[in-house]
>>> print(open('protein.txt').read())   # compact mmCIF, C-alpha atoms
# COMPACT_ATOMS: atom_id res chain seq x y z
CA MET A 1 -181.59 -7.58 112.76
CA SER A 2 -185.09 -7.01 114.03
CA SER A 3 -186.09 -10.60 114.68
CA ASP A 4 -183.15 -12.05 116.63
CA THR A 5 -182.88 -9.66 119.56
CA THR A 6 -184.51 -11.96 122.12
CA SER A 7 -181.24 -13.32 123.43
CA ALA A 8 -179.83 -9.85 123.91
CA ILE A 9 -182.59 -8.95 126.35
CA GLY A 10 -182.28 -10.22 129.89
CA PRO A 11 -185.39 -11.30 131.80
CA VAL A 12 -187.55 -8.39 132.87
CA GLU A 13 -186.72 -7.36 136.42
CA GLY A 14 -189.19 -8.77 138.91
CA ALA A 15 -190.75 -11.08 136.35
CA ALA A 16 -190.91 -14.02 138.79
CA TYR A 17 -194.30 -14.28 140.47
CA ASP A 18 -195.50 -16.90 142.92
CA VAL A 19 -197.76 -17.20 145.96
CA ASP A 20 -195.79 -14.61 147.91
CA ASN A 21 -195.61 -12.43 144.86
CA PRO A 22 -199.17 -12.36 143.61
CA ALA A 23 -199.16 -9.79 140.79
CA PRO A 24 -200.14 -11.35 137.48
CA TYR A 25 -197.47 -11.81 134.88
CA ILE A 26 -198.11 -9.63 131.87
CA GLU A 27 -196.11 -10.35 128.77
CA PRO A 28 -194.53 -7.08 127.68
CA PRO A 29 -195.79 -5.75 124.37
CA ARG A 30 -193.38 -5.94 121.43
CA LYS A 31 -191.62 -8.90 123.05
CA ARG A 32 -190.42 -11.30 120.39
CA THR A 33 -192.24 -14.59 120.87
CA GLY A 34 -192.95 -17.60 118.72
CA ARG A 35 -196.19 -16.02 117.61
CA THR A 36 -194.55 -12.80 116.45
CA PRO A 37 -194.83 -12.62 112.66
CA LYS A 38 -191.52 -12.37 110.90
CA SER A 39 -192.24 -9.21 109.04
CA THR A 40 -195.36 -7.12 108.75
CA ARG A 41 -193.81 -4.67 106.35
CA GLY A 42 -195.39 -3.90 103.07
CA ASN A 43 -196.97 -1.14 101.10
CA PHE A 44 -200.58 -2.00 101.97
CA GLU A 45 -200.82 0.42 104.90
CA MET A 46 -199.24 3.16 102.81
CA ALA A 47 -201.66 2.51 99.95
CA ALA A 48 -204.58 2.54 102.38
CA TRP A 49 -203.39 5.80 103.93
CA LEU A 50 -202.95 7.41 100.53
CA PHE A 51 -206.31 6.09 99.32
CA MET A 52 -208.06 7.72 102.28
CA ARG A 53 -206.64 11.14 101.35
CA LEU A 54 -207.30 10.91 97.62
CA SER A 55 -210.76 9.34 97.85
CA GLY A 56 -211.67 11.90 100.50
CA VAL A 57 -210.95 14.77 98.12
CA VAL A 58 -212.94 13.16 95.30
CA LEU A 59 -215.81 12.29 97.65
CA VAL A 60 -216.20 15.90 98.75
CA VAL A 61 -217.10 16.80 95.16
CA LEU A 62 -219.19 13.69 94.49
CA VAL A 63 -221.19 13.70 97.73
CA LEU A 64 -221.81 17.45 97.91
CA GLY A 65 -222.85 17.44 94.24
CA HIS A 66 -225.11 14.45 94.90
CA LEU A 67 -226.76 16.12 97.89
CA LEU A 68 -227.20 19.39 95.98
CA ILE A 69 -228.93 17.69 93.05
CA GLN A 70 -231.05 15.36 95.14
CA LEU A 71 -232.16 17.68 97.90
CA PHE A 72 -231.94 21.32 96.85
CA LEU A 73 -232.01 22.06 93.12
CA ASP A 74 -235.13 21.96 90.98
CA GLY A 75 -237.87 21.35 93.54
CA GLY A 76 -235.74 19.73 96.20
CA VAL A 77 -236.40 16.42 97.87
CA SER A 78 -240.08 16.29 96.85
CA LYS A 79 -239.21 15.56 93.21
CA ILE A 80 -237.40 12.31 93.98
CA GLY A 81 -239.23 9.24 92.81
CA PHE A 82 -238.81 6.20 90.62
CA ALA A 83 -239.14 8.36 87.51
CA PHE A 84 -236.48 10.80 88.66
CA VAL A 85 -233.96 8.05 89.38
CA ALA A 86 -234.81 6.27 86.14
CA GLY A 87 -234.30 9.51 84.23
CA ARG A 88 -230.88 10.13 85.74
CA TRP A 89 -229.62 6.60 85.22
CA ALA A 90 -230.54 6.82 81.55
CA SER A 91 -227.41 8.91 81.16
CA PRO A 92 -224.02 7.15 81.42
CA PHE A 93 -222.61 10.24 83.15
CA TRP A 94 -224.82 9.77 86.22
CA GLN A 95 -224.26 6.03 86.13
CA VAL A 96 -220.53 6.59 86.38
CA TRP A 97 -221.02 9.29 89.04
CA ASP A 98 -223.12 7.03 91.24
CA LEU A 99 -220.92 4.01 90.65
CA LEU A 100 -217.79 5.97 91.58
CA MET A 101 -219.49 7.41 94.62
CA LEU A 102 -220.63 3.98 95.75
CA TRP A 103 -217.21 2.38 95.43
CA LEU A 104 -215.21 5.25 96.89
CA ALA A 105 -217.59 5.88 99.79
CA MET A 106 -217.81 2.20 100.70
CA LEU A 107 -214.08 1.59 100.53
CA HIS A 108 -213.31 4.86 102.31
CA GLY A 109 -215.75 4.08 105.10
CA ALA A 110 -214.69 0.45 105.36
CA ASN A 111 -211.03 1.38 105.59
CA GLY A 112 -211.84 3.98 108.23
CA LEU A 113 -213.71 1.40 110.29
CA ARG A 114 -210.85 -1.06 109.79
CA THR A 115 -208.45 1.39 111.43
CA VAL A 116 -210.97 2.04 114.21
CA ILE A 117 -211.17 -1.72 114.86
CA ASN A 118 -207.38 -1.97 114.79
CA ASP A 119 -207.09 0.86 117.29
CA TYR A 120 -209.85 -0.09 119.70
CA ALA A 121 -210.39 -3.86 119.61
CA GLU A 122 -207.78 -5.29 121.94
CA ARG A 123 -208.29 -9.02 121.61
CA ALA A 124 -207.31 -10.80 118.42
CA ASN A 125 -210.61 -12.70 118.31
CA THR A 126 -212.71 -9.56 118.63
CA ARG A 127 -210.74 -8.01 115.80
CA LEU A 128 -211.20 -11.04 113.61
CA TRP A 129 -214.97 -11.10 114.03
CA LEU A 130 -215.50 -7.37 113.71
CA LYS A 131 -213.38 -7.23 110.57
CA GLY A 132 -215.11 -10.27 109.12
CA LEU A 133 -218.47 -8.59 109.64
CA LEU A 134 -217.15 -5.33 108.19
CA TYR A 135 -215.69 -6.93 105.06
CA THR A 136 -218.82 -9.02 104.45
CA ALA A 137 -221.06 -5.98 104.72
CA THR A 138 -218.78 -3.94 102.46
CA VAL A 139 -218.52 -6.54 99.72
CA PHE A 140 -222.27 -7.22 99.84
CA THR A 141 -223.18 -3.53 99.56
CA ILE A 142 -220.70 -2.81 96.78
CA LEU A 143 -221.73 -5.82 94.71
CA LEU A 144 -225.44 -5.23 95.18
CA GLY A 145 -225.14 -1.53 94.34
CA THR A 146 -223.03 -2.20 91.26
CA LEU A 147 -225.48 -4.85 90.10
CA VAL A 148 -228.40 -2.45 90.44
CA ILE A 149 -226.66 0.37 88.59
CA PHE A 150 -225.70 -1.85 85.65
CA THR A 151 -228.89 -3.88 85.35
CA PHE A 152 -231.38 -1.14 86.13
CA ASP A 153 -234.52 -1.51 84.04
CA PRO A 154 -236.73 1.61 83.89
CA ASN A 155 -239.66 -0.40 82.50
CA ILE A 156 -239.80 -2.77 85.43
CA ARG A 157 -243.36 -3.71 86.49
CA MET B 1 -188.92 55.50 146.04
CA ALA B 2 -186.56 52.57 146.17
CA THR B 3 -186.58 52.08 149.92
CA PRO B 4 -190.25 51.13 150.42
CA VAL B 5 -190.05 48.60 147.60
CA LEU B 6 -187.07 46.92 149.23
CA ASP B 7 -188.91 46.84 152.55
CA LYS B 8 -191.84 45.13 150.93
CA VAL B 9 -189.65 42.49 149.33
CA GLU B 10 -187.96 41.81 152.67
CA LYS B 11 -191.29 41.48 154.42
CA GLU B 12 -192.56 38.99 151.86
CA SER B 13 -189.46 36.85 152.00
CA ALA B 14 -189.61 36.85 155.79
CA ALA B 15 -192.99 35.13 155.65
CA SER B 16 -192.80 31.38 155.21
CA PRO B 17 -193.03 30.38 151.57
CA TYR B 18 -194.15 26.88 152.48
CA ILE B 19 -197.62 25.64 151.73
CA THR B 20 -199.21 22.25 152.27
CA VAL B 21 -199.72 20.32 149.07
CA THR B 22 -201.45 16.97 148.77
CA PHE B 23 -199.69 14.44 146.53
CA ARG B 24 -202.08 11.72 145.41
CA ILE B 25 -199.84 8.89 144.21
CA ARG B 26 -200.87 5.67 142.46
CA ARG B 27 -199.15 2.93 144.46
CA PHE B 28 -198.56 -0.61 143.26
CA ASN B 29 -196.38 -3.17 144.97
CA PRO B 30 -196.42 -6.67 143.44
CA GLU B 31 -194.87 -8.12 146.63
CA ILE B 32 -197.88 -7.08 148.69
CA SER B 33 -200.90 -7.11 146.43
CA ASP B 34 -201.92 -7.10 142.80
CA ALA B 35 -204.29 -4.22 143.51
CA VAL B 36 -203.52 -0.59 142.90
CA VAL B 37 -204.16 1.95 145.65
CA TRP B 38 -204.14 5.73 145.61
CA GLU B 39 -202.29 7.15 148.59
CA ASP B 40 -202.37 10.78 149.75
CA PHE B 41 -199.34 12.54 151.22
CA ALA B 42 -199.51 16.03 152.70
CA VAL B 43 -196.19 17.73 152.05
CA GLU B 44 -194.92 21.10 153.28
CA ILE B 45 -193.31 22.56 150.21
CA ASP B 46 -192.37 25.84 148.58
CA PRO B 47 -194.61 26.22 145.51
CA LYS B 48 -191.55 27.32 143.55
CA GLU B 49 -190.09 23.84 144.00
CA ARG B 50 -190.65 20.99 141.58
CA VAL B 51 -192.84 17.90 141.80
CA LEU B 52 -189.65 15.83 142.04
CA ASP B 53 -188.69 17.72 145.24
CA GLY B 54 -192.06 16.74 146.69
CA LEU B 55 -191.45 13.10 145.78
CA HIS B 56 -188.03 13.30 147.42
CA LYS B 57 -189.56 14.69 150.61
CA ILE B 58 -192.04 11.81 150.65
CA LYS B 59 -189.40 9.17 149.99
CA TRP B 60 -186.80 10.57 152.38
CA ASP B 61 -189.00 11.74 155.28
CA MET B 62 -192.39 10.04 155.08
CA ASP B 63 -192.47 6.72 153.22
CA GLY B 64 -189.24 5.14 152.06
CA THR B 65 -191.05 2.49 150.03
CA LEU B 66 -192.17 5.00 147.41
CA THR B 67 -190.41 3.97 144.22
CA PHE B 68 -189.68 6.15 141.23
CA ARG B 69 -186.89 6.69 138.71
CA ARG B 70 -184.78 9.80 138.52
CA SER B 71 -181.15 10.37 137.67
CA CYS B 72 -179.98 13.86 136.85
CA ALA B 73 -183.08 15.62 138.20
CA HIS B 74 -182.59 18.48 135.76
CA GLY B 75 -184.56 17.51 132.66
CA ILE B 76 -181.69 15.95 130.72
CA CYS B 77 -181.67 12.22 131.46
CA GLY B 78 -185.38 11.60 130.91
CA SER B 79 -185.76 9.12 133.77
CA ASP B 80 -188.66 10.68 135.63
CA ALA B 81 -191.40 10.97 133.05
CA MET B 82 -194.72 10.41 134.81
CA ARG B 83 -198.36 11.27 134.47
CA ILE B 84 -198.89 14.35 136.64
CA ASN B 85 -202.47 15.65 136.85
CA GLY B 86 -203.34 13.47 133.87
CA LYS B 87 -200.60 14.78 131.59
CA ASN B 88 -197.24 13.23 130.83
CA ARG B 89 -194.43 15.43 132.11
CA LEU B 90 -191.00 15.26 133.69
CA ALA B 91 -191.34 15.56 137.48
CA CYS B 92 -188.07 17.52 137.51
CA LYS B 93 -189.36 20.16 135.10
CA THR B 94 -192.81 20.69 136.61
CA LEU B 95 -193.14 23.40 139.25
CA ILE B 96 -195.74 23.01 142.01
CA LYS B 97 -197.07 26.53 141.39
CA ASP B 98 -197.91 25.68 137.78
CA LEU B 99 -200.19 22.83 138.88
CA ASN B 100 -202.85 24.50 141.05
CA PRO B 101 -201.50 23.37 144.46
CA GLU B 102 -204.90 23.93 146.13
CA LYS B 103 -206.12 20.63 144.68
CA PRO B 104 -204.38 17.28 145.19
CA ILE B 105 -201.67 16.64 142.61
CA THR B 106 -202.22 13.20 141.08
CA ILE B 107 -199.11 11.29 140.11
CA GLU B 108 -199.29 8.04 138.10
CA PRO B 109 -196.82 5.96 136.14
CA ILE B 110 -196.85 6.58 132.38
CA LYS B 111 -199.51 4.56 130.59
CA GLY B 112 -199.21 1.71 128.11
CA LEU B 113 -196.18 0.06 129.74
CA THR B 114 -196.23 -2.64 132.42
CA VAL B 115 -195.95 -1.16 135.90
CA LEU B 116 -193.23 -2.86 137.95
CA LYS B 117 -193.66 -0.91 141.18
CA ASP B 118 -195.27 2.43 142.05
CA LEU B 119 -194.05 4.84 139.36
CA VAL B 120 -191.53 2.50 137.75
CA VAL B 121 -192.58 0.90 134.46
CA ASP B 122 -190.94 -1.69 132.25
CA MET B 123 -189.31 0.39 129.52
CA GLU B 124 -188.20 -2.64 127.50
CA PRO B 125 -190.93 -2.43 124.79
CA PHE B 126 -190.13 1.25 124.37
CA PHE B 127 -186.41 0.61 123.91
CA GLN B 128 -187.12 -2.40 121.70
CA ALA B 129 -188.95 -0.09 119.29
CA TYR B 130 -186.04 2.35 119.56
CA ARG B 131 -183.49 -0.36 118.72
CA ASP B 132 -185.64 -1.57 115.82
CA VAL B 133 -185.19 1.68 113.88
CA MET B 134 -181.37 1.37 114.06
CA PRO B 135 -180.56 4.69 115.77
CA PHE B 136 -176.92 4.87 114.68
CA LEU B 137 -175.01 6.23 111.72
CA ILE B 138 -174.95 3.86 108.74
CA THR B 139 -172.48 4.57 105.94
CA LYS B 140 -170.98 2.79 102.97
CA GLY B 141 -167.46 2.82 101.60
CA ASN B 142 -164.23 3.81 103.31
CA GLU B 143 -164.18 5.91 106.40
CA PRO B 144 -162.95 9.45 105.74
CA THR B 145 -159.63 10.32 107.38
CA ARG B 146 -161.15 13.45 108.86
CA GLU B 147 -164.61 14.24 110.21
CA ARG B 148 -167.74 13.83 108.08
CA LYS B 149 -168.58 17.35 107.01
CA GLN B 150 -172.05 18.80 106.86
CA SER B 151 -173.39 22.23 105.94
CA PRO B 152 -175.33 24.20 108.57
CA GLU B 153 -178.45 23.88 106.37
CA ASP B 154 -178.14 20.09 106.28
CA ARG B 155 -177.68 20.07 110.06
CA GLU B 156 -180.72 22.29 110.49
CA ARG B 157 -182.88 19.79 108.57
CA TYR B 158 -183.09 17.34 111.48
CA ASP B 159 -182.13 19.65 114.34
CA ASP B 160 -185.49 19.35 116.11
CA THR B 161 -185.37 15.56 116.43
CA THR B 162 -181.84 15.53 117.90
CA LYS B 163 -183.31 16.94 121.12
CA CYS B 164 -185.02 13.68 122.15
CA ILE B 165 -184.02 12.40 125.62
CA LEU B 166 -185.95 9.08 125.37
CA CYS B 167 -188.13 9.79 128.37
CA ALA B 168 -191.13 7.96 126.79
CA ALA B 169 -193.52 10.81 127.62
CA CYS B 170 -194.63 10.92 123.98
CA THR B 171 -194.95 7.20 123.32
CA SER B 172 -196.88 6.61 126.54
CA SER B 173 -199.27 9.47 125.74
CA CYS B 174 -200.19 7.96 122.36
CA PRO B 175 -203.65 6.34 122.33
CA VAL B 176 -202.60 4.00 119.51
CA PHE B 177 -199.69 2.77 121.62
CA TRP B 178 -202.04 2.19 124.58
CA ASN B 179 -204.07 -0.34 122.59
CA ASP B 180 -201.70 -3.25 122.02
CA GLY B 181 -198.27 -1.63 122.31
CA GLN B 182 -197.24 -2.90 118.89
CA TYR B 183 -197.11 0.56 117.31
CA PHE B 184 -193.53 1.79 117.06
CA GLY B 185 -194.47 4.93 118.95
CA PRO B 186 -193.51 8.55 118.42
CA ALA B 187 -190.11 8.33 120.13
CA ALA B 188 -188.81 5.60 117.81
CA ILE B 189 -190.04 7.50 114.74
CA VAL B 190 -188.45 10.72 115.99
CA ASN B 191 -185.12 8.95 116.38
CA ALA B 192 -185.46 7.37 112.95
CA HIS B 193 -186.24 10.82 111.54
CA ARG B 194 -183.02 12.11 113.09
CA PHE B 195 -181.00 9.73 110.89
CA ILE B 196 -183.26 9.54 107.82
CA PHE B 197 -182.84 13.28 107.25
CA ASP B 198 -179.13 13.36 108.17
CA SER B 199 -177.15 14.07 104.97
CA ARG B 200 -174.21 11.95 106.25
CA ASP B 201 -176.30 8.85 106.82
CA GLU B 202 -176.87 6.25 104.10
CA GLY B 203 -179.28 3.90 105.89
CA GLY B 204 -182.37 6.04 105.33
CA GLU B 205 -183.86 3.60 102.85
CA GLN B 206 -183.54 0.74 105.37
CA ARG B 207 -185.13 2.78 108.15
CA LEU B 208 -187.99 3.90 105.92
CA GLU B 209 -188.60 0.26 105.04
CA ILE B 210 -188.74 -0.60 108.77
CA LEU B 211 -191.23 2.21 109.43
CA ASN B 212 -193.37 1.09 106.45
CA ASP B 213 -194.51 -1.68 108.82
CA LYS B 214 -198.12 -2.49 109.64
CA ASP B 215 -197.38 -0.92 113.03
CA GLY B 216 -195.16 1.80 111.62
CA VAL B 217 -195.85 5.42 110.75
CA TRP B 218 -199.20 4.64 109.10
CA ARG B 219 -200.77 3.93 112.47
CA CYS B 220 -200.24 7.55 113.49
CA ARG B 221 -203.63 9.26 113.75
CA THR B 222 -202.17 12.76 114.24
CA THR B 223 -203.81 13.32 117.61
CA PHE B 224 -200.87 15.53 118.64
CA ASN B 225 -200.76 13.95 122.12
CA CYS B 226 -197.02 13.34 121.62
CA THR B 227 -196.28 16.93 120.64
CA ASP B 228 -198.20 18.16 123.70
CA ALA B 229 -196.39 15.75 126.03
CA CYS B 230 -192.81 16.28 124.83
CA PRO B 231 -190.80 18.00 127.59
CA ARG B 232 -188.23 19.13 125.00
CA GLY B 233 -190.81 20.78 122.77
CA ILE B 234 -190.04 18.62 119.74
CA GLU B 235 -192.65 18.89 116.98
CA ILE B 236 -193.13 15.14 116.98
CA THR B 237 -196.28 14.88 114.88
CA LYS B 238 -194.62 17.02 112.22
CA ALA B 239 -191.61 14.70 112.22
CA ILE B 240 -193.89 11.67 111.79
CA GLN B 241 -195.65 13.38 108.89
CA GLU B 242 -192.29 14.12 107.29
CA VAL B 243 -191.39 10.44 107.46
CA LYS B 244 -194.74 9.59 105.83
CA ARG B 245 -194.05 12.10 103.08
CA ALA B 246 -190.57 10.66 102.55
CA LEU B 247 -192.08 7.19 102.22
CA ILE B 248 -194.58 8.34 99.60
CA THR B 249 -192.19 10.48 97.55
CA ARG B 250 -189.65 7.66 97.62
CA ARG B 251 -192.09 5.42 95.77
CA TYR B 252 -193.80 7.84 93.42
>>> encode(input="protein.txt", output="structure tokens")
Amino acid sequence: MSSDTTSAIGPVEGAAYDVDNPAPYIEPPRKRTGRTPKSTRGNFEMAAWLFMRLSGVVLVVLVLGHLLIQLFLDGGVSKIGFAFVAGRWASPFWQVWDLLMLWLAMLHGANGLRTVINDYAERANTRLWLKGLLYTATVFTILLGTLVIFTFDPNIR
Amino acid sequence: MATPVLDKVEKESAASPYITVTFRIRRFNPEISDAVVWEDFAVEIDPKERVLDGLHKIKWDMDGTLTFRRSCAHGICGSDAMRINGKNRLACKTLIKDLNPEKPITIEPIKGLTVLKDLVVDMEPFFQAYRDVMPFLITKGNEPTRERKQSPEDRERYDDTTKCILCAACTSSCPVFWNDGQYFGPAAIVNAHRFIFDSRDEGGEQRLEILNDKDGVWRCRTTFNCTDACPRGIEITKAIQEVKRALITRRY
């Protein structure tokens, strides 16, 4: 139903342009062409939308708690050092907290930027490159962070 | 007491109600040039008249080449949506006095659609999105011998979205639609909502599946531009959110 409507649409009025008619021809958006994908339906966008809401709620707790502990309680920012971090990561609770915060914040931010790129980058090539950069940076940061949390050695020299 | 008041009213109406208003119109004629020019017209007009009356005066008395769409001229057909002072409105529902007539009134075609001439745009992408959501009653089984009955509560459920006149003021005010025009746009979703929440209709599942597209309801960023632009006062953003909720509750 949605893919075979081309024949039902007549040519756009005034679409013929030549020397006497110098306005550039602009292909109307949504026009069904050979490059139009057959179907872009799927649950990915819904999952992404839902993830943004749910991870946002969890991140409020995680990030505010993180900031409170790191910057305000018990001496504030001056107490932070290698020993402080080593002491916290000795407990699995803080390992899980930081790991969860890393993954949720990175995916939340990356998905947000993905929608920004979708909304603002107009050319397909620009989109491709920006998204490629975004995904590379996201994967790199997540993997590196996870590696550090799991292989952290407090006795490192 | 009454007599002096009447005198005053008579005196006021005796004075000329006409003022001079500048219409600054974005002109584009593909037969002359591919460039866009802004042209000013000084029009003698009663501030209680509408922007459409000003456009008529220009077209009929000053410059016959001015091109715009209008049919009923009373806010029902939705032909004359345009960007007046930077906001999408119907020219036939906008009074001059509500627009600060001291300054020039800027009039542009609605954004995001290809301009064909002056204020006329190619509405085809807009109607393509409308057709894509299948805006007609879908039922299964035998047709009833009498009318399809519905309770007032069931009718009330989608009452707001039945008011749409397909003027494209909402869709062409949507910043997501401006980008690549692939987003279905508020108007198509509103008209899908009208059938999805109709108790007599049985194609809701199909329509929800269509709007679950990459360029479907999930591209809505709830900027409320559509709700602000709608000349019928439809709560469009709310309708879009209701479709999103229906999509999520359908699955989980």
>>> atom_distance(input="protein.txt", atom1="CA of Lys149 (chain B)", atom2="CA of Leu137 (chain B)")
13.7 Å
>>> residues_near_point(input="protein.txt", point="(-220.2, 5.6, 91.6)", cutoff="12 Å", atoms="all atoms listed in the file", output="PyMOL selection string")
chain A and resi 55+58-59+62-63+66+89+92-107+142-143+145-150
>>> write_last_selection(input="protein.txt", atoms="C-alpha atoms", output="short mmCIF file (atom, residue, chain, number, x, y, z; two decimals), in the coordinates of the input")
data_model
loop_
_atom_site.label_atom_id
_atom_site.label_comp_id
_atom_site.auth_asym_id
_atom_site.auth_seq_id
_atom_site.Cartn_x
_atom_site.Cartn_y
_atom_site.Cartn_z
CA SER A 55 -210.76 9.34 97.85
CA VAL A 58 -212.94 13.16 95.30
CA LEU A 59 -215.81 12.29 97.65
CA LEU A 62 -219.19 13.69 94.49
CA VAL A 63 -221.19 13.70 97.73
CA HIS A 66 -225.11 14.45 94.90
CA TRP A 89 -229.62 6.60 85.22
CA PRO A 92 -224.02 7.15 81.42
CA PHE A 93 -222.61 10.24 83.15
CA TRP A 94 -224.82 9.77 86.22
CA GLN A 95 -224.26 6.03 86.13
CA VAL A 96 -220.53 6.59 86.38
CA TRP A 97 -221.02 9.29 89.04
CA ASP A 98 -223.12 7.03 91.24
CA LEU A 99 -220.92 4.01 90.65
CA LEU A 100 -217.79 5.97 91.58
CA MET A 101 -219.49 7.41 94.62
CA LEU A 102 -220.63 3.98 95.75
CA TRP A 103 -217.21 2.38 95.43
CA LEU A 104 -215.21 5.25 96.89
CA ALA A 105 -217.59 5.88 99.79
CA MET A 106 -217.81 2.20 100.70
CA LEU A 107 -214.08 1.59 100.53
CA ILE A 142 -220.70 -2.81 96.78
CA LEU A 143 -221.73 -5.82 94.71
CA GLY A 145 -225.14 -1.53 94.34
CA THR A 146 -223.03 -2.20 91.26
CA LEU A 147 -225.48 -4.85 90.10
CA VAL A 148 -228.40 -2.45 90.44
CA ILE A 149 -226.66 0.37 88.59
CA PHE A 150 -225.70 -1.85 85.65
#
>>> interface_residues(input="protein.txt", of="chain B", to="chain A", cutoff="6 Å", atoms="all atoms listed in the file", output="PyMOL selection string")
chain B and resi 30-31+34+125+132+176+181-182+212-214
>>> write_last_selection(input="protein.txt", atoms="C-alpha atoms", output="PDB file, keeping the file's coordinate frame")
ATOM      1  CA  PRO B  30    -196.420  -6.670 143.440  1.00  0.00           C
ATOM      2  CA  GLU B  31    -194.870  -8.120 146.630  1.00  0.00           C
ATOM      3  CA  ASP B  34    -201.920  -7.100 142.800  1.00  0.00           C
ATOM      4  CA  PRO B 125    -190.930  -2.430 124.790  1.00  0.00           C
ATOM      5  CA  ASP B 132    -185.640  -1.570 115.820  1.00  0.00           C
ATOM      6  CA  VAL B 176    -202.600   4.000 119.510  1.00  0.00           C
ATOM      7  CA  GLY B 181    -198.270  -1.630 122.310  1.00  0.00           C
ATOM      8  CA  GLN B 182    -197.240  -2.900 118.890  1.00  0.00           C
ATOM      9  CA  ASN B 212    -193.370   1.090 106.450  1.00  0.00           C
ATOM     10  CA  ASP B 213    -194.510  -1.680 108.820  1.00  0.00           C
ATOM     11  CA  LYS B 214    -198.120  -2.490 109.640  1.00  0.00           C
TER      12      LYS B 214
END
>>> residues_around(input="protein.txt", residues="region 68-73 of chain A", least_positions_apart="6", cutoff="12 Å", atoms="only C-alpha atoms", output="list in words")
Val60, Val61, Leu62, Lys79, Ile80, Gly81, Phe84, Val85, Arg88 and Trp94 of chain A
>>> axis_aligned_box(input="protein.txt", around="region 78-89 of chain B", padding_each_side="8 Å", output="JSON")
{"center_x": -194.4, "center_y": 12.4, "center_z": 133.8, "size_x": 34.0, "size_y": 22.5, "size_z": 22.0}
>>> build_atoms(input="protein.txt", residues="region 13-27 of chain B", atoms="N, CA and C atoms", output="JSON list (two decimals), in the coordinates of the input")
[["chain", "number", "residue", "atom", "x", "y", "z"],
["B", 13, "SER", "N", -190.35, 38.00, 151.89],
["B", 13, "SER", "CA", -189.46, 36.85, 152.00],
["B", 13, "SER", "C", -189.35, 36.37, 153.44],
["B", 14, "ALA", "N", -189.66, 37.27, 154.39],
["B", 14, "ALA", "CA", -189.61, 36.85, 155.79],
["B", 14, "ALA", "C", -190.73, 35.87, 156.10],
["B", 15, "ALA", "N", -191.88, 36.07, 155.44],
["B", 15, "ALA", "CA", -192.99, 35.13, 155.65],
["B", 15, "ALA", "C", -192.61, 33.78, 155.07],
["B", 16, "SER", "N", -193.16, 32.71, 155.66],
["B", 16, "SER", "CA", -192.80, 31.38, 155.21],
["B", 16, "SER", "C", -193.36, 31.11, 153.82],
["B", 17, "PRO", "N", -192.53, 30.65, 152.91],
["B", 17, "PRO", "CA", -193.03, 30.38, 151.57],
["B", 17, "PRO", "C", -193.73, 29.02, 151.49],
["B", 18, "TYR", "N", -193.67, 28.25, 152.56],
["B", 18, "TYR", "CA", -194.15, 26.88, 152.48],
["B", 18, "TYR", "C", -195.67, 26.81, 152.50],
["B", 19, "ILE", "N", -196.20, 25.93, 151.70],
["B", 19, "ILE", "CA", -197.62, 25.64, 151.73],
["B", 19, "ILE", "C", -197.77, 24.12, 151.83],
["B", 20, "THR", "N", -198.97, 23.69, 152.20],
["B", 20, "THR", "CA", -199.21, 22.25, 152.27],
["B", 20, "THR", "C", -199.87, 21.78, 150.99],
["B", 21, "VAL", "N", -199.21, 20.84, 150.34],
["B", 21, "VAL", "CA", -199.72, 20.32, 149.07],
["B", 21, "VAL", "C", -200.00, 18.84, 149.25],
["B", 22, "THR", "N", -201.13, 18.40, 148.71],
["B", 22, "THR", "CA", -201.45, 16.97, 148.77],
["B", 22, "THR", "C", -200.96, 16.29, 147.49],
["B", 23, "PHE", "N", -200.13, 15.28, 147.66],
["B", 23, "PHE", "CA", -199.69, 14.44, 146.53],
["B", 23, "PHE", "C", -200.53, 13.17, 146.56],
["B", 24, "ARG", "N", -201.27, 12.95, 145.48],
["B", 24, "ARG", "CA", -202.08, 11.72, 145.41],
["B", 24, "ARG", "C", -201.36, 10.77, 144.45],
["B", 25, "ILE", "N", -200.73, 9.74, 145.00],
["B", 25, "ILE", "CA", -199.84, 8.89, 144.21],
["B", 25, "ILE", "C", -200.45, 7.52, 144.01],
["B", 26, "ARG", "N", -200.34, 7.00, 142.79],
["B", 26, "ARG", "CA", -200.87, 5.67, 142.46],
["B", 26, "ARG", "C", -199.81, 4.65, 142.86],
["B", 27, "ARG", "N", -200.12, 3.87, 143.93],
["B", 27, "ARG", "CA", -199.15, 2.93, 144.46],
["B", 27, "ARG", "C", -199.46, 1.53, 143.98]]
